[in-house]
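File shown here: structure09.cif, holding mmCIF, C-alpha atoms.
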```cif
data_target
#
loop_
_atom_site.label_atom_id
_atom_site.label_comp_id
_atom_site.auth_asym_id
_atom_site.auth_seq_id
_atom_site.Cartn_x
_atom_site.Cartn_y
_atom_site.Cartn_z
CA MET A 8 -14.74 122.76 136.82
CA PHE A 9 -11.11 121.83 137.50
CA HIS A 10 -10.28 125.37 138.59
CA LEU A 11 -13.11 125.26 141.13
CA ASN A 12 -11.83 121.91 142.49
CA VAL A 13 -15.18 120.25 141.76
CA VAL A 14 -13.27 117.33 140.28
CA LYS A 15 -9.69 116.58 139.27
CA HIS A 16 -8.65 115.72 135.72
CA GLU A 17 -7.03 112.50 136.95
CA ASP A 18 -10.43 111.38 138.23
CA LEU A 19 -11.91 111.60 134.72
CA TRP A 20 -11.19 109.93 131.38
CA ILE A 21 -11.44 112.50 128.61
CA THR A 22 -11.62 111.38 124.98
CA SER A 23 -11.77 113.51 121.86
CA LYS A 24 -11.65 112.78 118.13
CA LEU A 25 -9.69 114.01 115.16
CA ARG A 26 -12.21 115.20 112.56
CA VAL A 27 -12.19 113.99 108.97
CA SER A 28 -11.38 117.54 107.82
CA ASP A 29 -8.15 117.49 109.89
CA PHE A 30 -6.66 114.20 108.66
CA ALA A 31 -3.78 115.84 106.75
CA PRO A 32 -0.59 115.29 108.82
CA GLU A 33 0.14 119.01 109.11
CA ASP A 34 -3.38 119.63 110.46
CA VAL A 35 -3.29 116.98 113.18
CA PRO A 36 -1.34 118.96 115.84
CA LYS A 37 -3.34 122.10 115.04
CA ALA A 38 -6.59 120.19 115.58
CA LEU A 39 -5.37 118.96 118.95
CA ASP A 40 -4.40 122.51 119.92
CA CYS A 41 -7.96 123.66 119.20
CA THR A 42 -9.43 120.79 121.20
CA LEU A 43 -7.24 121.47 124.22
CA GLN A 44 -8.03 125.16 124.03
CA ASP A 45 -11.78 124.52 123.78
CA LEU A 46 -11.68 122.13 126.74
CA GLN A 47 -9.21 124.30 128.69
CA LEU A 48 -6.94 121.31 129.26
CA ASP A 49 -3.22 120.60 129.09
CA TYR A 50 -3.76 117.05 127.84
CA ILE A 51 -6.46 114.53 126.98
CA ASP A 52 -6.45 110.87 127.87
CA LEU A 53 -7.43 109.46 124.48
CA TYR A 54 -7.42 110.89 120.96
CA LEU A 55 -9.22 108.94 118.23
CA MET A 56 -9.05 109.03 114.44
CA HIS A 57 -12.77 109.49 113.89
CA TRP A 58 -13.05 107.61 110.58
CA PRO A 59 -10.74 105.78 108.20
CA ASN A 60 -9.38 107.82 105.29
CA ASP A 61 -7.41 107.27 102.09
CA ASP A 62 -4.03 107.81 103.78
CA ILE A 63 -4.30 106.25 107.23
CA PRO A 64 -0.51 105.73 107.63
CA SER A 65 0.27 109.46 107.32
CA THR A 66 -2.49 110.46 109.74
CA TRP A 67 -1.50 107.78 112.24
CA LYS A 68 2.17 108.79 112.12
CA ALA A 69 1.16 112.37 112.92
CA MET A 70 -0.99 111.14 115.80
CA GLU A 71 1.90 109.07 117.18
CA LYS A 72 3.97 112.25 117.46
CA LEU A 73 1.27 113.73 119.72
CA VAL A 74 1.91 111.01 122.28
CA ASP A 75 5.56 112.08 122.47
CA THR A 76 4.49 115.61 123.39
CA GLY A 77 2.58 114.42 126.45
CA ARG A 78 -0.54 116.27 125.34
CA VAL A 79 -2.20 112.95 124.50
CA ARG A 80 -1.87 109.94 126.79
CA ALA A 81 -3.14 107.37 124.29
CA ILE A 82 -4.35 107.24 120.70
CA GLY A 83 -6.86 105.04 118.95
CA VAL A 84 -9.27 104.75 116.07
CA SER A 85 -12.97 104.72 115.42
CA ASN A 86 -15.04 102.86 112.82
CA PHE A 87 -12.15 100.58 111.82
CA SER A 88 -12.83 97.13 110.38
CA VAL A 89 -10.72 94.05 111.13
CA LYS A 90 -8.83 94.52 107.87
CA LYS A 91 -8.07 98.17 108.52
CA LEU A 92 -6.82 97.29 112.00
CA GLN A 93 -4.65 94.51 110.57
CA ASP A 94 -3.13 96.97 108.09
CA LEU A 95 -2.55 99.56 110.81
CA LEU A 96 -0.79 97.08 113.07
CA LYS A 97 1.76 96.35 110.34
CA TYR A 98 3.34 99.81 110.61
CA ALA A 99 2.12 101.38 113.87
CA LYS A 100 4.84 102.20 116.38
CA VAL A 101 2.21 103.20 118.92
CA LEU A 102 -0.54 100.60 118.98
CA PRO A 103 -4.17 101.79 119.00
CA ALA A 104 -5.50 101.59 122.54
CA VAL A 105 -9.15 101.69 121.49
CA ASN A 106 -11.39 101.05 118.50
CA GLN A 107 -14.65 102.92 119.06
CA VAL A 108 -17.40 101.46 116.89
CA GLU A 109 -21.13 100.97 116.61
CA CYS A 110 -21.97 97.97 118.76
CA HIS A 111 -25.27 96.83 120.28
CA PRO A 112 -27.54 93.76 120.19
CA ILE A 113 -28.63 94.47 116.60
CA TRP A 114 -25.00 94.93 115.43
CA GLN A 115 -22.94 92.74 117.72
CA GLN A 116 -19.59 92.87 115.87
CA HIS A 117 -18.54 89.38 116.99
CA ASN A 118 -15.56 89.02 114.64
CA LEU A 119 -14.32 92.53 115.34
CA ARG A 120 -14.67 92.05 119.09
CA GLU A 121 -12.68 88.82 118.97
CA PHE A 122 -9.94 90.38 116.85
CA CYS A 123 -9.64 93.41 119.13
CA LYS A 124 -9.45 91.13 122.14
CA SER A 125 -6.67 89.09 120.53
CA GLN A 126 -4.67 92.28 119.87
CA ARG A 127 -5.39 93.89 123.25
CA ILE A 128 -7.30 96.71 121.60
CA HIS A 129 -10.20 97.80 123.75
CA LEU A 130 -13.52 97.95 121.91
CA SER A 131 -15.70 100.86 122.98
CA ALA A 132 -19.32 100.90 121.81
CA TYR A 133 -20.97 104.09 120.61
CA SER A 134 -24.72 104.10 119.99
CA PRO A 135 -25.17 101.18 122.43
CA LEU A 136 -28.90 102.01 122.51
CA GLY A 137 -29.20 102.27 118.72
CA SER A 138 -29.36 106.09 118.68
CA PRO A 139 -33.11 106.27 119.44
CA GLY A 140 -33.16 110.07 119.39
CA SER A 141 -31.46 110.51 116.04
CA GLY A 142 -34.66 110.63 113.97
CA TRP A 143 -32.97 109.18 110.88
CA ILE A 144 -32.36 105.61 112.07
CA LYS A 145 -35.50 103.61 111.36
CA VAL A 146 -34.61 100.39 113.22
CA LYS A 147 -35.73 100.69 116.86
CA LEU A 148 -33.32 98.66 118.97
CA LEU A 149 -35.15 99.32 122.23
CA GLU A 150 -38.36 97.95 120.76
CA HIS A 151 -36.88 94.63 119.69
CA PRO A 152 -39.00 91.74 121.08
CA ILE A 153 -36.06 89.83 122.57
CA LEU A 154 -34.73 92.92 124.31
CA LYS A 155 -38.17 93.74 125.70
CA GLN A 156 -38.76 90.15 126.86
CA VAL A 157 -35.43 89.98 128.67
CA ALA A 158 -36.05 93.38 130.26
CA GLU A 159 -39.47 92.30 131.50
CA LYS A 160 -38.10 89.09 133.03
CA LEU A 161 -35.32 90.96 134.83
CA GLY A 162 -37.39 93.94 135.90
CA LYS A 163 -35.17 96.34 133.97
CA THR A 164 -35.68 98.74 131.10
CA PRO A 165 -34.74 97.72 127.54
CA ALA A 166 -32.04 100.41 127.61
CA GLN A 167 -30.51 98.95 130.77
CA VAL A 168 -30.52 95.47 129.24
CA ALA A 169 -28.84 96.76 126.06
CA LEU A 170 -26.13 98.46 128.11
CA ARG A 171 -25.66 95.41 130.34
CA TRP A 172 -25.33 93.22 127.23
CA GLY A 173 -22.47 95.43 126.07
CA LEU A 174 -20.70 95.28 129.41
CA GLN A 175 -21.01 91.50 129.56
CA THR A 176 -19.45 91.14 126.13
CA GLY A 177 -16.39 93.00 127.47
CA ASN A 178 -16.99 96.39 125.86
CA SER A 179 -17.26 99.80 127.38
CA VAL A 180 -20.52 101.51 126.41
CA LEU A 181 -21.13 105.17 125.61
CA PRO A 182 -24.82 106.05 125.96
CA LYS A 183 -25.95 109.63 125.40
CA SER A 184 -28.91 111.38 126.93
CA ILE A 185 -29.99 114.84 128.05
CA ASN A 186 -32.75 113.41 130.25
CA GLU A 187 -31.71 113.33 133.92
CA ASP A 188 -33.77 110.27 134.81
CA ARG A 189 -32.43 108.30 131.87
CA ILE A 190 -28.85 109.29 132.69
CA LYS A 191 -29.34 107.98 136.22
CA ALA A 192 -30.96 104.77 134.94
CA ASN A 193 -28.05 104.24 132.55
CA PHE A 194 -25.71 104.02 135.54
CA GLU A 195 -27.81 101.33 137.23
CA VAL A 196 -26.27 98.46 135.27
CA PHE A 197 -23.32 97.37 137.41
CA ASP A 198 -24.84 95.39 140.27
CA TRP A 199 -26.69 92.72 138.25
CA SER A 200 -26.13 90.55 135.20
CA ILE A 201 -28.08 88.87 132.42
CA PRO A 202 -28.30 85.10 133.12
CA LYS A 203 -26.76 82.84 130.49
CA GLU A 204 -30.08 81.39 129.32
CA LEU A 205 -31.33 84.91 128.58
CA PHE A 206 -28.00 86.20 127.29
CA ASP A 207 -27.89 83.39 124.72
CA GLN A 208 -31.13 84.65 123.19
CA PHE A 209 -29.29 87.67 121.82
CA SER A 210 -27.55 85.41 119.30
CA GLU A 211 -30.96 84.96 117.62
CA ILE A 212 -31.24 88.65 116.72
CA GLU A 213 -30.88 89.42 113.01
CA GLN A 214 -27.89 91.69 112.49
CA GLU A 215 -27.94 95.07 110.75
CA ARG A 216 -25.46 97.92 110.79
CA LEU A 217 -27.36 101.14 111.51
CA ILE A 218 -24.66 103.76 110.95
CA LEU A 219 -23.19 103.39 107.47
CA GLY A 220 -20.95 106.42 107.04
CA GLU A 221 -22.30 107.19 103.57
CA PHE A 222 -20.83 110.71 103.70
CA LEU A 223 -17.38 109.17 103.11
CA VAL A 224 -18.53 107.31 100.00
CA ASN A 225 -18.45 108.96 96.59
CA LYS A 226 -17.49 107.38 93.27
CA THR A 227 -15.44 110.42 92.21
CA ARG A 228 -14.56 112.54 95.26
CA GLY A 229 -14.81 110.39 98.39
CA PRO A 230 -12.00 108.42 100.04
CA PHE A 231 -14.11 105.30 99.37
CA LYS A 232 -16.01 104.59 96.18
CA ILE A 233 -18.47 102.09 97.69
CA LEU A 234 -19.55 101.14 101.20
CA GLU A 235 -17.83 97.77 100.92
CA GLU A 236 -14.47 99.60 100.69
CA LEU A 237 -15.20 101.57 103.85
CA TRP A 238 -16.26 98.54 105.88
CA ASP A 239 -14.27 95.85 104.01
CA GLY A 240 -17.40 93.78 103.63
CA GLU A 241 -18.41 94.10 107.32
CA ILE A 242 -21.91 95.42 106.55
#
```

Take the structure in the file and give it back as structure tokens.
Amino acid sequence: MFHLNVVKHEDLWITSKLRVSDFAPEDVPKALDCTLQDLQLDYIDLYLMHWPNDDIPSTWKAMEKLVDTGRVRAIGVSNFSVKKLQDLLKYAKVLPAVNQVECHPIWQQHNLREFCKSQRIHLSAYSPLGSPGSGWIKVKLLEHPILKQVAEKLGKTPAQVALRWGLQTGNSVLPKSINEDRIKANFEVFDWSIPKELFDQFSEIEQERLILGEFLVNKTRGPFKILEELWDGEI
């Protein structure tokens, strides 16, 4: 794409993640090498630690060294709680630019959003539509009565309202779709806003984290023995 001059790298923001299996410090630069090779790039704009682990300081220190090489413009984290961010900020020489987390009207992350804002860490929302195509998440965000009522009053789709809610809270939003019409509709959220009287209704929605990260939890072998350790009570 770049070689054909369809678009320039500087016109795009390219983010990738360090996998859980590559968290050992010696594996971090190797993982980046593979990512750059796969993407046929010289650098990426943002590199995220995909999940917390049992030795975050060592992984983060290795990621900081990547910034010095110029192959990564910024580094950040994903799925970090307030407490884990507070701990990271105590020793980080390069501050996390982004915390990418689950965030949508059913899991609004108010405390985390406020903390990130106070530390100038951008909060980026994955699953802003509640991952409707996953098949394993039973809660249907886009069918929530408040979301549907607001969408009907504004003449928008529930998905557009969910995305607009995220933007109005100050997040970036990362919807996924392979449907061309839905992709186009997802972009049609910048020239309107949710009025305050409707926006305030979102505070009435009962909160529930949908993505728990259970694969990291194991009483004998996992980096976290219980979910409360992974999320520091933010569940």

Next item on the list: Would you write out, as number ranges by chain, every residue that the PyMOL selection byres ((chain A and resi 21-31) around 8) captures in this file?
Entry: A: 19-20, 32-35, 38-39, 42, 51-58, 60, 65-66

Check: So which residues get picked by the PyMOL selection byres ((chain A and resi 215) around 8) here, written as a ChimeraX atom specification?
Finding: /A:113-114,213-214,216-217,242

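Of the listed residues A:Gly177, A:Pro59, A:Pro64, A:Pro139, the one whose atoms come nearest to Trp238 in chain A is A:Pro59, with distances taken using all atoms listed in the file.
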
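Those DNA, RNA and protein residues that approach the point (-29.0, 89.0, 136.3) to within 10 Å, considering only C-alpha atoms, are Lys160, Leu161, Gly162, Lys163, Val168, Arg171, Val196, Asp198, Trp199, Ser200, Ile201, Pro202, Lys203, Leu205 and Phe206 of chain A.
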
Enclose the full set of atoms of range 62-68 of chain A listed in the file within a box whose edges lie along x, y and z, apply 8 Å of padding to each of the six sides, and report centre and edge lengths in Å to one decimal as JSON.
```
{"center_x": -1.1, "center_y": 108.1, "center_z": 108.0, "size_x": 22.5, "size_y": 20.7, "size_z": 24.5}
```

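Checking A:Gly240, A:Gly220, A:Gly229, A:Pro152 one by one against Ser85 in chain A, counting all atoms listed in the file, you find the shortest gap at A:Gly220.
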
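With only C-alpha atoms as the atoms that count, the residue of A:Ala166, A:Leu148, A:Ile233, A:Leu46 with the shortest distance to Arg189 in chain A is A:Ala166.
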
Reconstruct N, CA and C atoms of range 184-195 of chain A from the incomplete input and present them as a compact mmCIF listing (two decimals), keeping the file's coordinate frame.
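Saved result, rebuild14.txt, follows:
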```
# COMPACT_ATOMS: atom_id res chain seq x y z
N SER A 184 -27.57 110.92 126.60
CA SER A 184 -28.91 111.38 126.93
C SER A 184 -28.83 112.77 127.55
N ILE A 185 -29.88 113.55 127.37
CA ILE A 185 -29.99 114.84 128.05
C ILE A 185 -31.08 114.79 129.12
N ASN A 186 -31.68 113.60 129.28
CA ASN A 186 -32.75 113.41 130.25
C ASN A 186 -32.14 112.91 131.56
N GLU A 187 -32.36 113.65 132.65
CA GLU A 187 -31.71 113.33 133.92
C GLU A 187 -32.08 111.94 134.42
N ASP A 188 -33.34 111.58 134.32
CA ASP A 188 -33.77 110.27 134.81
C ASP A 188 -33.14 109.14 134.00
N ARG A 189 -33.04 109.33 132.70
CA ARG A 189 -32.43 108.30 131.87
C ARG A 189 -30.94 108.19 132.14
N ILE A 190 -30.29 109.32 132.36
CA ILE A 190 -28.85 109.29 132.69
C ILE A 190 -28.63 108.49 133.97
N LYS A 191 -29.46 108.73 134.97
CA LYS A 191 -29.34 107.98 136.22
C LYS A 191 -29.60 106.49 135.99
N ALA A 192 -30.63 106.17 135.21
CA ALA A 192 -30.96 104.77 134.94
C ALA A 192 -29.83 104.08 134.18
N ASN A 193 -29.15 104.82 133.32
CA ASN A 193 -28.05 104.24 132.55
C ASN A 193 -26.88 103.81 133.44
N PHE A 194 -26.78 104.40 134.62
CA PHE A 194 -25.71 104.02 135.54
C PHE A 194 -26.08 102.79 136.38
N GLU A 195 -27.34 102.43 136.36
CA GLU A 195 -27.81 101.33 137.23
C GLU A 195 -27.70 99.99 136.51
```
